[in-house]
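Asks: If you scroll down you'll find the structure; I have some questions about it.
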Amino acid sequence: MQKLLRKVVSINKTWIAVTLLILLISVVAILSILDNVTPSQRTGALSTLVISATNTPSFAPSAEPTITITTPEPVKTEPTVIPTPTAIPGSAYLEIDAHGKYFYLGCEAAAAVDLAGYYDILLYQYNFQQELPLSDNPDLGFVGDANGPWGQVPPYAYGVHAAPVAALLQKYGVDVEGGKGYTLEQMKEKLAAGHPVIVWVIGNMEGGVPAEYTDSAGNKTIVAAFEHVVILTGYDQNSVRYVNNGRFFQAPNEVFLNSWGVLGNMAVFHR
């Protein structure tokens, strides 16, 4: 038994010696390896062997986006100025030298000459009538014979509308405009400003029936039997004053508007 114990002890000593020898060789090998690397590599190699429970992946927070808020400059706007309508007086009356017509259907020429005379431009009815263009359309020129019977419609003896009259007055130097679609308020404004107005009515401010007419070229216009012109020379709240063939008359607004409207509220007046 003692021999067996001595043998076991001998074997253990041998294993311890072998183990120590192996450890010594390992240390020498490691030291030899470490001698051949840089200190930083050596530190890195050793650090990779160290595992810490606290080593968790770290993530750098991404930068928050920068939001730039631009406040727009306030828009400067000029205040809107609404023109105040010019108040016209409640009544106005003008004095004008009025003459009778030279031709039986020459009311337009007579009124035009009187209007020109108001602005100190001397004209003669005969010359004015002869210089009006001739046409089968009253919007373009005088229709028919100036001494023909009154009360007909084109293409028979009739008369002439505003545009040719205004054009001939302009030729003589009277600064006028002429057309259709005007209002009573506009006529009053002209009168209040000192300007008489030629208007196209039916008879001596009577009613009438408008009719569509087509001329030889296919142009359409509105005509009416007993077409006539007078000159407005004044007004008050309820009526208008006018001169017809050298004589002065007064008519209620509704009577004037009824007669004037037949041919589309046609007029010639100074600008």
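Starting from 1 in every chain, residues are counted up; chains themselves are A, B, ... following the order of the structure tokens, and ligands are numbered from 1 as listed.
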If you count only C-alpha atoms, which residues fall within 12 Å of Val229 in chain A, apart from same-chain ones fewer than 3 positions away, as a PyMOL selection string?
Replies: chain A and resi 101+105-112+159-162+165+197-206+226+232+242-246+259-260+263+265-268
Asks: Out of range 82-238 of chain A, which residues get helix (DSSP H, G or I) from DSSP, as a VMD selection string?
Replies: chain A and resid 107 to 118 125 to 131 162 to 171 184 to 192
Asks: Choose the residue, out of A:Gly234, A:Gly194, A:Gly141, A:Gly90, that has the smallest atom-to-atom separation from Pro164 in chain A; count only C-alpha atoms.
Replies: A:Gly141
Asks: So which residues touch Gly264 in chain A within 8 Å, counting only C-alpha atoms, skipping near sequence neighbours fewer than 3 positions away, as a ChimeraX atom specification?
Replies: /A:180-181,260-261
Asks: Now that the selection is made, can you save its residues with C-alpha atoms as a PDB file, in the first residue's frame?
Replies:
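Contents of the output file out_3.pdb:
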```pdb
ATOM      1  CA  LYS A 180     -76.914 104.770 -78.932  1.00  0.00           C
ATOM      2  CA  GLY A 181     -77.526 103.433 -75.456  1.00  0.00           C
ATOM      3  CA  TRP A 260     -86.359 108.373 -77.016  1.00  0.00           C
ATOM      4  CA  GLY A 261     -86.174 104.631 -76.381  1.00  0.00           C
TER       5      GLY A 261
END
```
Asks: What does the structure give for the distance between CA of Tyr118 in chain A and CA of Asp139 in chain A, in Å to one decimal?
Replies: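 Those two atoms sit 25.0 Å apart.
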Asks: To one decimal place, how far is CA of Ala116 in chain A from CA of Glu189 in chain A in Å?
Replies: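 Spanning CA of Ala116 in chain A to CA of Glu189 in chain A is a straight-line distance of 19.3 Å.
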Asks: Which is closer to Arg241 in chain A than all the others in A:Tyr156, A:Val174, A:Val223, A:Lys188, using only C-alpha atoms?
Replies: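 Checking each of A:Tyr156, A:Val174, A:Val223, A:Lys188 against Arg241 in chain A, counting only C-alpha atoms, the winner is A:Lys188.
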Asks: Point out the residue among A:Lys220, A:Lys171, A:His228, A:His270 with the least atom-to-atom distance to Met187 in chain A, counting only C-alpha atoms.
Replies: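 Counting only C-alpha atoms, the residue closest to Met187 in chain A is A:His270.
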